[in-house]
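Input: a single structure, listed below in structure tokens.
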Amino acid sequence: MKLFLLFLLFSAVLLQPALALDPGAAEGSLQVNEETISLSRAYSHLHDNSEGLLHSPKELRILLVDREVSQEALEGIAFLPVEEMAKEGRIRGLMLQLDPGKQNHVLLTLLYPPASPEQSLTTQTIESTPEKVLKELKITGERISGEIAHHDVGKPQFEDMPKISYTVRFSAPLFHEPPVTADLKGKAAQDSPQALVIREKARALAQGDFDALKRVSTQHANRQNQPFLASMDKSAAKEIASDMEKSISRIQRVVVRNDRAVAIFPENEWVSFVREDGKWKSDD
């Protein structure tokens, strides 16, 4: 009995920091043309770049938005979930990406629906020397805080670009990319479950079986690919299938992080996978 009580006490001590973790908060606003958006939520995420696909040794991502989102919205290599949410109008705000070791260079993405679905989100590269772009930036092992401000003066460079201004302070717990759970190379990568998905996807395309293609693709991929598949003829599908089958021998690595993975090819090309409903599926 005494041992059991000691165990409970020890567990409570271990859990205390997690339970005491303050959620992220932002204070400020974003103006896009004539619309003013209150920014109240802040999230931060550090990607360790174990895949070697990012442009910097590590990438710090800071999300300043108007509503609560899942922390997983910042996970991944590129084309992050939060960007799709913004294009669909489910979130508004700013995403900042920077190398923690080079704080005078920041890539800012405006999370705001573009004028048409075909357009990309607006991005800006912000540089400041010798000052840091983010003022009073503090980074610890558990938290990040700072502030950023910008005011567009005059008309945007291009007609379809919005005029934006923002002033916001933030503080958020610092989360990390899920740990690498497998790193397969060479033949092991080419024989991996992810390579098998590519082979199944190629077979479905070669046969013009788009229903089978949907079964080996994630819900996200099916939503994204629906317009493309609707206009694809069988000869084009067979050509893509042939290239896809040949690509399997070019896989150099497969890096797995729990339920997400990437297969990496020469010249830093890659394809993504998600374990959905207990099965590995293509996420591209």
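Letters A, B, ... go to the chains of the structure tokens in the order shown; residues in each chain start at 1; ligands are counted from 1 in the same order.
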Closest contacts (segment 25-134 of chain A/segment 164-178 of chain A, max 12 Å, only C-alpha atoms) as JSON lines:
```
{"residue": "A:Ala25", "atom": "CA", "partner": "A:Ser171", "partner_atom": "CA", "distance": 5.6}
{"residue": "A:Ala26", "atom": "CA", "partner": "A:Phe170", "partner_atom": "CA", "distance": 4.3}
{"residue": "A:Glu27", "atom": "CA", "partner": "A:Arg169", "partner_atom": "CA", "distance": 5.3}
{"residue": "A:Gly28", "atom": "CA", "partner": "A:Val168", "partner_atom": "CA", "distance": 4.1}
{"residue": "A:Ser29", "atom": "CA", "partner": "A:Tyr166", "partner_atom": "CA", "distance": 5.7}
{"residue": "A:Leu30", "atom": "CA", "partner": "A:Tyr166", "partner_atom": "CA", "distance": 4.3}
{"residue": "A:Gln31", "atom": "CA", "partner": "A:Ser165", "partner_atom": "CA", "distance": 5.1}
{"residue": "A:Val32", "atom": "CA", "partner": "A:Ile164", "partner_atom": "CA", "distance": 4.6}
{"residue": "A:Asn33", "atom": "CA", "partner": "A:Ile164", "partner_atom": "CA", "distance": 6.2}
{"residue": "A:Glu34", "atom": "CA", "partner": "A:Ile164", "partner_atom": "CA", "distance": 9.1}
{"residue": "A:Glu35", "atom": "CA", "partner": "A:Ile164", "partner_atom": "CA", "distance": 9.5}
{"residue": "A:Thr36", "atom": "CA", "partner": "A:Ser165", "partner_atom": "CA", "distance": 9.2}
{"residue": "A:Ile37", "atom": "CA", "partner": "A:Tyr166", "partner_atom": "CA", "distance": 9.3}
{"residue": "A:Ser38", "atom": "CA", "partner": "A:Val168", "partner_atom": "CA", "distance": 9.4}
{"residue": "A:Leu39", "atom": "CA", "partner": "A:Val168", "partner_atom": "CA", "distance": 7.4}
{"residue": "A:Ser40", "atom": "CA", "partner": "A:Phe170", "partner_atom": "CA", "distance": 8.7}
{"residue": "A:Arg41", "atom": "CA", "partner": "A:Phe170", "partner_atom": "CA", "distance": 8.1}
{"residue": "A:Ala42", "atom": "CA", "partner": "A:Ala172", "partner_atom": "CA", "distance": 5.6}
{"residue": "A:Tyr43", "atom": "CA", "partner": "A:Ala172", "partner_atom": "CA", "distance": 5.4}
{"residue": "A:Ser44", "atom": "CA", "partner": "A:Leu174", "partner_atom": "CA", "distance": 5.1}
{"residue": "A:His45", "atom": "CA", "partner": "A:Phe175", "partner_atom": "CA", "distance": 4.7}
{"residue": "A:Leu46", "atom": "CA", "partner": "A:His176", "partner_atom": "CA", "distance": 4.8}
{"residue": "A:His47", "atom": "CA", "partner": "A:Glu177", "partner_atom": "CA", "distance": 5.2}
{"residue": "A:Asp48", "atom": "CA", "partner": "A:Glu177", "partner_atom": "CA", "distance": 6.8}
{"residue": "A:Asn49", "atom": "CA", "partner": "A:Glu177", "partner_atom": "CA", "distance": 8.9}
{"residue": "A:Ser50", "atom": "CA", "partner": "A:Glu177", "partner_atom": "CA", "distance": 9.8}
{"residue": "A:Glu51", "atom": "CA", "partner": "A:Glu177", "partner_atom": "CA", "distance": 11.4}
{"residue": "A:Lys58", "atom": "CA", "partner": "A:Glu177", "partner_atom": "CA", "distance": 10.6}
{"residue": "A:Glu59", "atom": "CA", "partner": "A:Glu177", "partner_atom": "CA", "distance": 10.2}
{"residue": "A:Leu60", "atom": "CA", "partner": "A:His176", "partner_atom": "CA", "distance": 9.3}
{"residue": "A:Arg61", "atom": "CA", "partner": "A:Leu174", "partner_atom": "CA", "distance": 9.5}
{"residue": "A:Ile62", "atom": "CA", "partner": "A:Ala172", "partner_atom": "CA", "distance": 8.7}
{"residue": "A:Leu63", "atom": "CA", "partner": "A:Ala172", "partner_atom": "CA", "distance": 9.3}
{"residue": "A:Leu64", "atom": "CA", "partner": "A:Phe170", "partner_atom": "CA", "distance": 7.7}
{"residue": "A:Val65", "atom": "CA", "partner": "A:Val168", "partner_atom": "CA", "distance": 10.3}
{"residue": "A:Asp66", "atom": "CA", "partner": "A:Val168", "partner_atom": "CA", "distance": 11.7}
{"residue": "A:Ser70", "atom": "CA", "partner": "A:Phe175", "partner_atom": "CA", "distance": 11.8}
{"residue": "A:Gln71", "atom": "CA", "partner": "A:Phe175", "partner_atom": "CA", "distance": 8.0}
{"residue": "A:Glu72", "atom": "CA", "partner": "A:Glu177", "partner_atom": "CA", "distance": 8.9}
{"residue": "A:Ala73", "atom": "CA", "partner": "A:Glu177", "partner_atom": "CA", "distance": 11.1}
{"residue": "A:Leu74", "atom": "CA", "partner": "A:Glu177", "partner_atom": "CA", "distance": 8.7}
{"residue": "A:Glu75", "atom": "CA", "partner": "A:Glu177", "partner_atom": "CA", "distance": 6.2}
{"residue": "A:Gly76", "atom": "CA", "partner": "A:Glu177", "partner_atom": "CA", "distance": 7.7}
{"residue": "A:Ile77", "atom": "CA", "partner": "A:Glu177", "partner_atom": "CA", "distance": 9.8}
{"residue": "A:Gly93", "atom": "CA", "partner": "A:Tyr166", "partner_atom": "CA", "distance": 9.5}
{"residue": "A:Leu94", "atom": "CA", "partner": "A:Tyr166", "partner_atom": "CA", "distance": 9.2}
{"residue": "A:Leu108", "atom": "CA", "partner": "A:Ile164", "partner_atom": "CA", "distance": 11.6}
{"residue": "A:Thr109", "atom": "CA", "partner": "A:Ile164", "partner_atom": "CA", "distance": 11.3}
{"residue": "A:Leu110", "atom": "CA", "partner": "A:Ile164", "partner_atom": "CA", "distance": 8.7}
{"residue": "A:Leu111", "atom": "CA", "partner": "A:Ile164", "partner_atom": "CA", "distance": 11.3}
{"residue": "A:Tyr112", "atom": "CA", "partner": "A:Ile164", "partner_atom": "CA", "distance": 10.7}
{"residue": "A:Thr122", "atom": "CA", "partner": "A:Ile164", "partner_atom": "CA", "distance": 10.2}
{"residue": "A:Thr123", "atom": "CA", "partner": "A:Ile164", "partner_atom": "CA", "distance": 11.2}
{"residue": "A:Gln124", "atom": "CA", "partner": "A:Ile164", "partner_atom": "CA", "distance": 10.7}
{"residue": "A:Leu134", "atom": "CA", "partner": "A:Arg169", "partner_atom": "CA", "distance": 9.7}
```
From the DSSP assignment of the backbone, select every residue of segment 160-234 of chain A that is helix (DSSP H, G or I), and format the answer as a PyMOL selection string.
-> chain A and resi 186-190+193-206+210-215+219-230+234
Long-range neighbours of Lys234 of chain A as a PDB file with N, CA and C atoms, in the first residue's frame, 9 Å cut-off, only C-alpha atoms, 3 positions minimum in chain:
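The result, stored in out-v1.pdb:
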```pdb
ATOM      1  N   LEU A 205      -3.727   3.276 -61.466  1.00  0.00           N
ATOM      2  CA  LEU A 205      -3.711   4.239 -62.568  1.00  0.00           C
ATOM      3  C   LEU A 205      -3.581   3.533 -63.912  1.00  0.00           C
ATOM      4  N   ALA A 206      -2.703   2.531 -63.984  1.00  0.00           N
ATOM      5  CA  ALA A 206      -2.490   1.805 -65.234  1.00  0.00           C
ATOM      6  C   ALA A 206      -3.771   1.133 -65.713  1.00  0.00           C
ATOM      7  N   GLN A 207      -4.587   0.667 -64.766  1.00  0.00           N
ATOM      8  CA  GLN A 207      -5.846  -0.001 -65.102  1.00  0.00           C
ATOM      9  C   GLN A 207      -7.011   0.981 -65.234  1.00  0.00           C
ATOM     10  N   GLY A 208      -6.741   2.254 -64.978  1.00  0.00           N
ATOM     11  CA  GLY A 208      -7.817   3.251 -65.033  1.00  0.00           C
ATOM     12  C   GLY A 208      -8.849   3.047 -63.950  1.00  0.00           C
ATOM     13  N   ALA A 237      -3.159   8.494 -67.773  1.00  0.00           N
ATOM     14  CA  ALA A 237      -3.049   7.744 -66.518  1.00  0.00           C
ATOM     15  C   ALA A 237      -1.998   6.639 -66.641  1.00  0.00           C
ATOM     16  N   LYS A 238      -1.952   5.958 -67.788  1.00  0.00           N
ATOM     17  CA  LYS A 238      -0.968   4.881 -67.986  1.00  0.00           C
ATOM     18  C   LYS A 238       0.457   5.435 -68.005  1.00  0.00           C
ATOM     19  N   GLU A 239       0.630   6.602 -68.594  1.00  0.00           N
ATOM     20  CA  GLU A 239       1.965   7.219 -68.654  1.00  0.00           C
ATOM     21  C   GLU A 239       2.447   7.597 -67.254  1.00  0.00           C
TER      22      GLU A 239
END
```
Out of segment 31-208 of chain A, which residues get strand (DSSP E) from DSSP, as a short mmCIF file (atom, residue, chain, number, x, y, z; two decimals) with C-alpha atoms, in the first residue's frame?
```cif
data_model
loop_
_atom_site.label_atom_id
_atom_site.label_comp_id
_atom_site.auth_asym_id
_atom_site.auth_seq_id
_atom_site.Cartn_x
_atom_site.Cartn_y
_atom_site.Cartn_z
CA GLN A 31 -5.81 44.09 -41.36
CA VAL A 32 -6.32 42.69 -44.87
CA GLU A 35 -11.10 43.81 -43.01
CA THR A 36 -9.70 43.79 -39.46
CA ILE A 37 -9.12 40.40 -37.83
CA SER A 38 -8.47 39.95 -34.11
CA LEU A 39 -5.59 37.56 -33.42
CA ARG A 41 -4.30 32.35 -30.46
CA ALA A 42 -0.60 31.56 -30.76
CA TYR A 43 1.18 28.27 -31.52
CA SER A 44 4.85 27.43 -32.05
CA HIS A 45 6.53 24.39 -33.54
CA LEU A 46 10.15 23.39 -34.15
CA HIS A 47 10.98 21.01 -37.00
CA GLU A 59 12.70 25.49 -38.85
CA LEU A 60 10.72 27.40 -36.26
CA ARG A 61 7.06 27.95 -37.11
CA ILE A 62 4.90 30.49 -35.31
CA LEU A 63 1.17 30.59 -35.89
CA LEU A 64 -0.87 33.69 -34.93
CA VAL A 65 -4.55 33.17 -35.68
CA GLY A 93 -4.00 34.97 -39.43
CA LEU A 94 -0.25 34.75 -39.99
CA MET A 95 2.35 31.98 -40.12
CA LEU A 96 6.02 32.84 -39.59
CA GLN A 97 8.84 30.47 -40.57
CA LEU A 98 12.48 31.06 -39.69
CA HIS A 105 15.16 36.57 -42.04
CA VAL A 106 11.50 35.45 -41.80
CA LEU A 107 9.09 33.97 -44.33
CA LEU A 108 5.58 35.24 -43.59
CA THR A 109 2.47 33.53 -45.00
CA LEU A 110 -0.84 35.37 -44.94
CA LEU A 111 -3.47 32.83 -43.86
CA THR A 123 3.83 35.15 -48.83
CA GLN A 124 6.40 37.79 -47.95
CA THR A 125 10.11 37.50 -47.14
CA ILE A 126 11.00 39.94 -44.35
CA GLU A 127 14.63 40.83 -43.72
CA LYS A 135 11.09 42.04 -31.44
CA GLU A 136 11.84 40.82 -27.90
CA LEU A 137 11.98 37.25 -29.17
CA LYS A 138 12.62 34.77 -26.36
CA ILE A 139 13.05 31.06 -27.02
CA ARG A 143 8.15 28.36 -24.65
CA ILE A 144 8.53 31.18 -27.15
CA SER A 145 7.38 34.80 -26.96
CA GLY A 146 7.85 38.02 -28.90
CA GLU A 147 6.12 40.57 -31.09
CA ILE A 148 5.97 41.61 -34.72
CA ALA A 149 4.51 44.59 -36.57
CA HIS A 150 4.22 45.75 -40.17
CA HIS A 151 2.16 48.33 -42.05
CA ILE A 164 -1.88 44.00 -45.11
CA SER A 165 -0.92 45.47 -41.75
CA TYR A 166 -0.48 43.77 -38.39
CA THR A 167 0.68 44.35 -34.85
CA VAL A 168 0.71 41.39 -32.48
CA ARG A 169 2.39 40.15 -29.30
CA PHE A 170 2.42 36.43 -28.53
CA SER A 171 3.47 33.73 -26.10
CA ALA A 172 3.12 30.02 -26.84
CA PRO A 173 4.41 26.64 -25.65
CA LEU A 174 7.06 25.23 -27.99
CA PHE A 175 6.15 21.89 -29.55
CA HIS A 176 8.37 19.66 -31.68
CA ALA A 182 12.05 4.52 -38.63
CA ASP A 183 14.68 5.63 -41.13
CA LEU A 184 14.97 3.11 -43.95
CA LYS A 185 17.63 3.33 -46.64
#
```
Nearest residue to Asp211 of chain A from the set A:Gln226, A:Asn268, A:Ser56, A:Thr181 (distances using only C-alpha atoms) |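 Of the candidates, the smallest distance to Asp211 of chain A is held by A:Gln226.
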Which residues are close to Ala212 of chain A, i.e. within 10 Å by only C-alpha atoms, leaving aside same-chain residues fewer than 5 positions away? Reply as an mmCIF file with N, CA and C atoms, in the first residue's frame.
```cif
data_model
loop_
_atom_site.group_PDB
_atom_site.id
_atom_site.type_symbol
_atom_site.label_atom_id
_atom_site.label_comp_id
_atom_site.auth_asym_id
_atom_site.auth_seq_id
_atom_site.Cartn_x
_atom_site.Cartn_y
_atom_site.Cartn_z
ATOM 1 N N GLU A 200 0.887 0.084 -55.652
ATOM 2 C CA GLU A 200 -0.566 -0.109 -55.753
ATOM 3 C C GLU A 200 -1.221 1.079 -56.465
ATOM 4 N N LYS A 201 -0.702 2.255 -56.188
ATOM 5 C CA LYS A 201 -1.234 3.455 -56.832
ATOM 6 C C LYS A 201 -0.955 3.425 -58.338
ATOM 7 N N ARG A 203 -0.496 0.704 -60.154
ATOM 8 C CA ARG A 203 -1.323 -0.344 -60.745
ATOM 9 C C ARG A 203 -2.756 0.159 -60.995
ATOM 10 N N ALA A 204 -3.295 0.898 -60.033
ATOM 11 C CA ALA A 204 -4.655 1.429 -60.178
ATOM 12 C C ALA A 204 -4.728 2.415 -61.339
ATOM 13 N N LEU A 205 -3.727 3.276 -61.466
ATOM 14 C CA LEU A 205 -3.711 4.239 -62.568
ATOM 15 C C LEU A 205 -3.581 3.533 -63.912
ATOM 16 N N GLN A 207 -4.587 0.667 -64.766
ATOM 17 C CA GLN A 207 -5.846 -0.001 -65.102
ATOM 18 C C GLN A 207 -7.011 0.981 -65.234
ATOM 19 N N SER A 217 -5.427 6.179 -51.193
ATOM 20 C CA SER A 217 -5.119 7.587 -50.963
ATOM 21 C C SER A 217 -5.884 8.087 -49.748
#
```
When you draw a straight line from atom CA of Ala86 of chain A to atom CA of Met161 of chain A, how long is it in Å?
-> 15.8 Å
Contacts of Asp259 of chain A within 12 Å, only C-alpha atoms, excl. fewer than 2 positions in-chain, as a PDB file with C-alpha atoms, in the first residue's frame:
```pdb
ATOM      1  CA  GLU A  72      -0.778  19.070 -35.621  1.00  0.00           C
ATOM      2  CA  GLU A  75       3.467  19.388 -38.602  1.00  0.00           C
ATOM      3  CA  GLY A  76       5.071  18.260 -41.849  1.00  0.00           C
ATOM      4  CA  PRO A 178       7.078  13.913 -33.730  1.00  0.00           C
ATOM      5  CA  PRO A 179      10.239  11.806 -33.308  1.00  0.00           C
ATOM      6  CA  VAL A 180      11.576   9.657 -36.139  1.00  0.00           C
ATOM      7  CA  THR A 181      10.402   6.083 -35.551  1.00  0.00           C
ATOM      8  CA  ALA A 182      12.046   4.520 -38.628  1.00  0.00           C
ATOM      9  CA  GLN A 194       5.269   3.090 -48.338  1.00  0.00           C
ATOM     10  CA  VAL A 255      11.564   8.448 -42.913  1.00  0.00           C
ATOM     11  CA  VAL A 256       8.655   7.553 -40.625  1.00  0.00           C
ATOM     12  CA  ARG A 257       7.295   9.660 -37.782  1.00  0.00           C
ATOM     13  CA  ALA A 261       6.116   9.240 -43.531  1.00  0.00           C
ATOM     14  CA  VAL A 262       8.001  10.545 -46.552  1.00  0.00           C
ATOM     15  CA  SER A 272       4.089  11.824 -48.426  1.00  0.00           C
ATOM     16  CA  PHE A 273       2.115   9.092 -46.665  1.00  0.00           C
ATOM     17  CA  VAL A 274      -0.315   8.935 -43.757  1.00  0.00           C
ATOM     18  CA  ARG A 275      -1.498   5.905 -41.816  1.00  0.00           C
ATOM     19  CA  GLU A 276      -5.266   6.302 -42.039  1.00  0.00           C
ATOM     20  CA  ASP A 277      -7.767   3.720 -40.746  1.00  0.00           C
ATOM     21  CA  GLY A 278      -4.808   1.533 -39.796  1.00  0.00           C
ATOM     22  CA  LYS A 279      -3.351   1.454 -43.345  1.00  0.00           C
ATOM     23  CA  TRP A 280      -0.573   3.404 -45.046  1.00  0.00           C
ATOM     24  CA  LYS A 281      -1.987   5.609 -47.812  1.00  0.00           C
ATOM     25  CA  SER A 282      -0.666   8.163 -50.265  1.00  0.00           C
ATOM     26  CA  ASP A 283      -1.158  11.756 -49.115  1.00  0.00           C
TER      27      ASP A 283
END
```
Taking into account only C-alpha atoms, which residue in the set A:Glu84, A:Glu142, A:Glu118, A:Glu245 is nearest to Asp22 of chain A?
-> A:Glu142
Can you work out which one of A:Ala202, A:Ser231, A:Ala189, A:Glu267 has the shortest atom-to-atom distance to Met244 of chain A, counting only C-alpha atoms?
-> A:Ala202
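The space between atom CA of Arg90 of chain A and atom CA of Val69 of chain A spans 9.8 Å.
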